[in-house]
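As stored in model.pdb (PDB, C-alpha atoms):
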```pdb
ATOM      1  CA  MET A   8      12.417  -9.950 -17.397
ATOM      2  CA  LYS A   9      10.147  -8.086 -14.955
ATOM      3  CA  LYS A  10       7.642  -7.440 -17.757
ATOM      4  CA  ILE A  11       7.404 -11.191 -18.479
ATOM      5  CA  TYR A  12       6.700 -11.978 -14.810
ATOM      6  CA  LEU A  13       4.096  -9.211 -14.687
ATOM      7  CA  PHE A  14       2.420 -10.613 -17.822
ATOM      8  CA  ILE A  15       2.374 -14.137 -16.317
ATOM      9  CA  LEU A  16       0.915 -12.770 -13.084
ATOM     10  CA  VAL A  17      -1.858 -10.825 -14.865
ATOM     11  CA  ALA A  18      -2.617 -13.727 -17.219
ATOM     12  CA  GLY A  19      -2.752 -16.158 -14.285
ATOM     13  CA  LEU A  20      -5.196 -13.911 -12.427
ATOM     14  CA  ALA A  21      -7.403 -13.632 -15.500
ATOM     15  CA  ILE A  22      -7.398 -17.388 -16.029
ATOM     16  CA  GLY A  23      -8.170 -17.905 -12.340
ATOM     17  CA  CYS A  24     -11.155 -15.572 -12.522
ATOM     18  CA  ASP A  25     -12.598 -17.287 -15.594
ATOM     19  CA  LYS A  26     -12.066 -20.745 -14.167
ATOM     20  CA  ASN A  27     -13.667 -19.751 -10.839
ATOM     21  CA  GLU A  28     -17.024 -19.278 -12.516
ATOM     22  CA  THR A  29     -17.073 -22.771 -14.021
ATOM     23  CA  LEU A  30     -15.518 -24.722 -11.135
ATOM     24  CA  GLU A  31     -18.069 -23.473  -8.611
ATOM     25  CA  ASP A  32     -20.771 -25.524 -10.301
ATOM     26  CA  ASP A  33     -18.717 -28.736  -9.962
ATOM     27  CA  LEU A  34     -18.205 -28.633  -6.196
ATOM     28  CA  SER A  35     -20.051 -31.574  -4.686
ATOM     29  CA  SER A  36     -20.962 -30.394  -1.189
ATOM     30  CA  CYS A  37     -22.830 -27.310  -2.334
ATOM     31  CA  ALA A  38     -24.464 -28.833  -5.402
ATOM     32  CA  ASN A  39     -27.798 -29.569  -3.722
ATOM     33  CA  SER A  40     -27.807 -26.618  -1.349
ATOM     34  CA  GLU A  41     -30.939 -24.533  -1.038
ATOM     35  CA  GLY A  42     -28.715 -21.546  -0.264
ATOM     36  CA  PHE A  43     -28.660 -19.183   2.669
ATOM     37  CA  ALA A  44     -32.047 -17.798   3.618
ATOM     38  CA  PRO A  45     -33.226 -15.216   6.150
ATOM     39  CA  ILE A  46     -33.606 -16.811   9.574
ATOM     40  CA  ASP A  47     -35.474 -14.140  11.557
ATOM     41  CA  ASP A  48     -38.871 -15.795  10.972
ATOM     42  CA  LYS A  49     -37.495 -19.222  11.944
ATOM     43  CA  ILE A  50     -36.275 -18.296  15.430
ATOM     44  CA  LYS A  51     -38.762 -19.643  17.976
ATOM     45  CA  ILE A  52     -36.598 -19.937  21.096
ATOM     46  CA  THR A  53     -36.355 -17.272  23.786
ATOM     47  CA  GLN A  54     -33.431 -18.849  25.651
ATOM     48  CA  GLY A  55     -30.438 -20.626  24.098
ATOM     49  CA  ILE A  56     -28.624 -20.563  20.775
ATOM     50  CA  PHE A  57     -29.480 -20.333  17.090
ATOM     51  CA  GLY A  58     -27.446 -19.944  13.940
ATOM     52  CA  THR A  59     -26.329 -21.382  10.630
ATOM     53  CA  ILE A  60     -24.014 -24.280   9.794
ATOM     54  CA  SER A  61     -21.940 -23.587   6.667
ATOM     55  CA  PHE A  62     -19.444 -25.652   4.683
ATOM     56  CA  THR A  63     -16.535 -24.069   2.796
ATOM     57  CA  GLU A  64     -14.409 -25.960   0.292
ATOM     58  CA  GLY A  65     -11.914 -25.297  -2.447
ATOM     59  CA  ASN A  66      -9.060 -22.890  -2.984
ATOM     60  CA  CYS A  67      -9.893 -19.739  -1.025
ATOM     61  CA  MET A  68      -6.402 -18.271  -1.256
ATOM     62  CA  PRO A  69      -5.856 -14.941  -2.984
ATOM     63  CA  GLY A  70      -3.340 -14.794  -5.781
ATOM     64  CA  LEU A  71      -2.428 -16.989  -8.686
ATOM     65  CA  GLY A  72      -4.301 -20.095  -9.691
ATOM     66  CA  PRO A  73      -7.948 -20.968  -9.882
ATOM     67  CA  ARG A  74     -10.117 -19.893  -6.980
ATOM     68  CA  ASP A  75     -12.886 -22.428  -6.598
ATOM     69  CA  CYS A  76     -13.853 -21.417  -3.067
ATOM     70  CA  ARG A  77     -17.493 -21.895  -2.202
ATOM     71  CA  THR A  78     -19.496 -21.630   1.016
ATOM     72  CA  CYS A  79     -22.985 -23.039   1.396
ATOM     73  CA  PRO A  80     -25.408 -23.962   4.177
ATOM     74  CA  VAL A  81     -25.529 -27.656   5.102
ATOM     75  CA  ILE A  82     -27.615 -30.154   7.035
ATOM     76  CA  ARG A  83     -25.621 -31.471   9.997
ATOM     77  CA  THR A  84     -26.257 -32.860  13.462
ATOM     78  CA  VAL A  85     -25.364 -30.219  16.061
ATOM     79  CA  ARG A  86     -24.313 -31.423  19.498
ATOM     80  CA  ILE A  87     -23.899 -29.402  22.658
ATOM     81  CA  TYR A  88     -21.765 -30.848  25.453
ATOM     82  CA  LYS A  89     -20.873 -29.502  28.856
ATOM     83  CA  TYR A  90     -17.782 -27.318  28.489
ATOM     84  CA  THR A  91     -15.121 -29.696  27.202
ATOM     85  CA  THR A  92     -11.352 -29.360  27.166
ATOM     86  CA  ILE A  93      -8.795 -31.300  25.160
ATOM     87  CA  SER A  94      -8.140 -33.466  28.230
ATOM     88  CA  ASN A  95     -11.810 -34.622  28.028
ATOM     89  CA  ALA A  96     -11.632 -35.490  24.324
ATOM     90  CA  ILE A  97     -10.558 -38.609  22.451
ATOM     91  CA  LYS A  98      -8.873 -37.543  19.205
ATOM     92  CA  ALA A  99      -9.810 -39.328  16.006
ATOM     93  CA  ASN A 100      -7.016 -41.460  14.560
ATOM     94  CA  ASN A 101      -5.531 -40.327  11.248
ATOM     95  CA  GLN A 102      -7.582 -37.125  11.207
ATOM     96  CA  ALA A 103      -6.738 -33.449  11.384
ATOM     97  CA  GLY A 104      -6.626 -31.857  14.843
ATOM     98  CA  GLU A 105     -10.214 -30.677  14.752
ATOM     99  CA  PHE A 106     -11.784 -34.181  14.663
ATOM    100  CA  TYR A 107     -12.666 -36.183  17.764
ATOM    101  CA  GLU A 108     -14.072 -39.684  18.291
ATOM    102  CA  ARG A 109     -15.889 -38.740  21.487
ATOM    103  CA  PHE A 110     -15.910 -36.596  24.617
ATOM    104  CA  THR A 111     -15.969 -37.803  28.209
ATOM    105  CA  THR A 112     -18.238 -34.894  29.170
ATOM    106  CA  ASP A 113     -22.036 -35.097  29.140
ATOM    107  CA  LEU A 114     -24.094 -34.491  26.013
ATOM    108  CA  VAL A 115     -26.548 -31.703  26.870
ATOM    109  CA  ALA A 116     -28.577 -31.300  23.664
ATOM    110  CA  GLU A 117     -28.695 -32.311  20.015
ATOM    111  CA  THR A 118     -30.531 -31.113  16.928
ATOM    112  CA  LYS A 119     -30.192 -31.126  13.164
ATOM    113  CA  SER A 120     -29.805 -28.071  10.948
ATOM    114  CA  ASP A 121     -32.274 -27.659   8.088
ATOM    115  CA  ALA A 122     -31.525 -27.379   4.347
ATOM    116  CA  ASN A 123     -30.602 -23.709   4.874
ATOM    117  CA  GLY A 124     -28.142 -24.660   7.634
ATOM    118  CA  PHE A 125     -30.425 -23.151  10.316
ATOM    119  CA  PHE A 126     -30.567 -24.658  13.812
ATOM    120  CA  GLN A 127     -31.820 -23.626  17.225
ATOM    121  CA  LEU A 128     -31.608 -25.132  20.708
ATOM    122  CA  THR A 129     -33.103 -24.130  24.029
ATOM    123  CA  LEU A 130     -30.293 -24.104  26.601
ATOM    124  CA  PRO A 131     -30.064 -22.742  30.140
ATOM    125  CA  ALA A 132     -27.368 -20.204  30.962
ATOM    126  CA  GLY A 133     -23.970 -21.866  31.142
ATOM    127  CA  ASN A 134     -20.721 -22.775  29.407
ATOM    128  CA  TYR A 135     -20.812 -25.381  26.678
ATOM    129  CA  THR A 136     -18.895 -26.957  23.791
ATOM    130  CA  MET A 137     -20.547 -26.986  20.382
ATOM    131  CA  VAL A 138     -19.628 -29.518  17.670
ATOM    132  CA  VAL A 139     -21.134 -30.912  14.495
ATOM    133  CA  VAL A 140     -21.102 -34.535  13.429
ATOM    134  CA  GLU A 141     -19.013 -34.836  10.281
ATOM    135  CA  ASN A 142     -18.494 -38.272   8.714
ATOM    136  CA  GLY A 143     -19.310 -39.963  12.030
ATOM    137  CA  LEU A 144     -16.815 -37.861  14.008
ATOM    138  CA  LEU A 145     -17.140 -34.763  16.170
ATOM    139  CA  TYR A 146     -15.815 -31.658  14.407
ATOM    140  CA  ALA A 147     -14.771 -28.431  16.112
ATOM    141  CA  ALA A 148     -12.014 -26.239  14.723
ATOM    142  CA  PHE A 149     -11.855 -23.535  17.382
ATOM    143  CA  GLY A 150     -10.620 -23.272  20.946
ATOM    144  CA  ASP A 151     -10.434 -20.723  23.731
ATOM    145  CA  GLY A 152      -6.686 -20.752  24.451
ATOM    146  CA  GLN A 153      -7.171 -22.610  27.748
ATOM    147  CA  GLY A 154      -7.777 -26.018  26.149
ATOM    148  CA  GLY A 155     -11.529 -25.525  25.702
ATOM    149  CA  ILE A 156     -12.978 -26.963  22.485
ATOM    150  CA  ASN A 157     -15.271 -24.605  20.555
ATOM    151  CA  PRO A 158     -16.709 -23.001  23.689
ATOM    152  CA  ILE A 159     -19.974 -21.098  23.772
ATOM    153  CA  THR A 160     -21.390 -19.166  26.690
ATOM    154  CA  VAL A 161     -25.134 -18.811  27.013
ATOM    155  CA  GLY A 162     -26.439 -16.039  29.214
ATOM    156  CA  THR A 163     -29.965 -14.774  29.593
ATOM    157  CA  GLY A 164     -31.888 -14.811  26.319
ATOM    158  CA  ARG A 165     -30.742 -16.152  23.007
ATOM    159  CA  ILE A 166     -27.502 -15.726  21.095
ATOM    160  CA  GLU A 167     -26.551 -16.306  17.481
ATOM    161  CA  THR A 168     -23.783 -18.871  17.078
ATOM    162  CA  ASN A 169     -22.804 -19.620  13.485
ATOM    163  CA  PHE A 170     -20.643 -22.664  12.828
ATOM    164  CA  PRO A 171     -18.289 -22.771   9.806
ATOM    165  CA  ILE A 172     -16.906 -26.106   8.615
ATOM    166  CA  LYS A 173     -13.679 -25.378   6.718
ATOM    167  CA  TYR A 174     -11.450 -28.468   6.712
ATOM    168  CA  LYS A 175     -11.803 -28.903   2.922
ATOM    169  CA  ALA A 176     -10.775 -25.318   2.174
ATOM    170  CA  ALA A 177      -7.310 -23.881   1.624
ATOM    171  CA  PHE A 178      -6.704 -20.373   2.974
TER     172      PHE A 178
END
```

Show me this structure written as structure tokens.
Amino acid sequence: MKKIYLFILVAGLAIGCDKNETLEDDLSSCANSEGFAPIDDKIKITQGIFGTISFTEGNCMPGLGPRDCRTCPVIRTVRIYKYTTISNAIKANNQAGEFYERFTTDLVAETKSDANGFFQLTLPAGNYTMVVVENGLLYAAFGDGQGGINPITVGTGRIETNFPIKYKAAF
């Protein structure tokens, strides 16, 4: 009986690997992506943040079944607010915990990432909350353990702050 289960496991992994190659091409969000590109030549700021916005979707779990996980750079609006906690956020109705309708804190800056997901913003030193606009809502999947929503701290100079969007991926 153990040999049958082992055969099913190995066959399932092989099928999953073959299917992974064909399903990747069918994923909608990455279909028109220009792909990740070097960003060193794009960075023009001397103070603030820069980075890449990426979108991951599909089955990213190891094991049996097809793995159709794909990550690509995306164009999104990036918003920086004063440091925001959950008590300063209005949750979006009928959405997962990482979606918000709005914040009661001040919007500090906004920009749009390019086709390679690259963005940059000049910001003074301080504590902020970074979100992206996703389907008309504010998206931020990370916190600091004290109620802060996707916090970033800017000191002197510039820092790289990449932003993964993963709500359509299974891990």

Any chance you could resolve the PyMOL selection byres ((chain A and resi 65) around 6) against this file and give the residues as a PyMOL selection string?
chain A and resi 64+66+75-76+176

Would you work out the distance separating atom CA of Phe170 of chain A from atom CA of Asn95 of chain A, expressed in Å to one decimal?
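Here the two named atoms are 21.3 Å from each other.
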
From the options A:Thr53, A:Arg77, A:Asp47, A:Gly143, which residue's atoms come nearest to Lys175 of chain A, counting only C-alpha atoms?
A:Arg77

Have a look at A:Gly58, A:Pro158, A:Pro73, A:Gly150 and name the one nearest to Gly133 of chain A; count only C-alpha atoms.
A:Pro158

Determine, counting only C-alpha atoms, which protein, DNA and RNA residues have an atom within 7 Å of an atom of Gly155 of chain A; residues of the same chain fewer than 5 positions away are not included. Present the result as a list in words.
Thr91, Thr92, Ile93 and Gly150 of chain A

State, in Å with one decimal place, the distance from atom CA of Glu117 of chain A to atom CA of Gly55 of chain A.
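Between these atoms lies a distance of 12.5 Å.
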
Can you measure atom CA of Met137 of chain A to atom CA of Gly154 of chain A for me? One decimal in Å is fine.
14.0 Å

Just the residues within 9 Å of Ala99 of chain A, please, counting all atoms listed in the file, with nothing from its chain fewer than 4 positions along; format it as number ranges by chain.
A: 103-109, 144-145

Box along x, y and z, 3 Å on every side, all listed atoms of segment 141-157 of chain A inside: centre and edge lengths in Å to one decimal, as lines of an AutoDock Vina configuration file.
```
center_x = -13.0
center_y = -30.3
center_z = 18.2
size_x = 18.6
size_y = 25.2
size_z = 25.0
```

Which residue of A:Lys51, A:Thr163, A:Ala96, A:Phe43 approaches Ala147 of chain A most closely, using only C-alpha atoms:
A:Ala96

Pick the closest to Asn142 of chain A from A:Thr129, A:Thr84, A:Asp48, A:Asn157: which is it, counting only C-alpha atoms?
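Closest candidate: A:Thr84.
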
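Among the candidates A:Asp113, A:Glu141, A:Glu167, A:Asp151, the one nearest to Phe62 of chain A when counting only C-alpha atoms is A:Glu141.
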
Among the residues A:Val115, A:Ile172, A:Ile166, A:Val161, the one that comes closest to Phe149 of chain A [using only C-alpha atoms]
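Residue with the minimum atom-to-atom distance to Phe149 of chain A: A:Ile172.
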
Name all residues at most 7 Å from Leu114 of chain A (count all atoms listed in the file; drop same-chain ones fewer than 5 positions away) and give them as a list of chain:residue names.
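Once the adjacent positions are removed, what remains is A:Ile87, A:Tyr88, A:Lys89.
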
Going by the chain IDs and residue numbers used in this file, which residues fall under the PyMOL selection byres ((chain A and resi 169) around 9)? Write them as an mmCIF file with C-alpha atoms, keeping the file's coordinate frame.
```
data_model
loop_
_atom_site.group_PDB
_atom_site.id
_atom_site.type_symbol
_atom_site.label_atom_id
_atom_site.label_comp_id
_atom_site.auth_asym_id
_atom_site.auth_seq_id
_atom_site.Cartn_x
_atom_site.Cartn_y
_atom_site.Cartn_z
ATOM 1 C CA PHE A 57 -29.480 -20.333 17.090
ATOM 2 C CA GLY A 58 -27.446 -19.944 13.940
ATOM 3 C CA THR A 59 -26.329 -21.382 10.630
ATOM 4 C CA ILE A 60 -24.014 -24.280 9.794
ATOM 5 C CA SER A 61 -21.940 -23.587 6.667
ATOM 6 C CA PHE A 125 -30.425 -23.151 10.316
ATOM 7 C CA GLU A 167 -26.551 -16.306 17.481
ATOM 8 C CA THR A 168 -23.783 -18.871 17.078
ATOM 9 C CA PHE A 170 -20.643 -22.664 12.828
ATOM 10 C CA PRO A 171 -18.289 -22.771 9.806
#
```
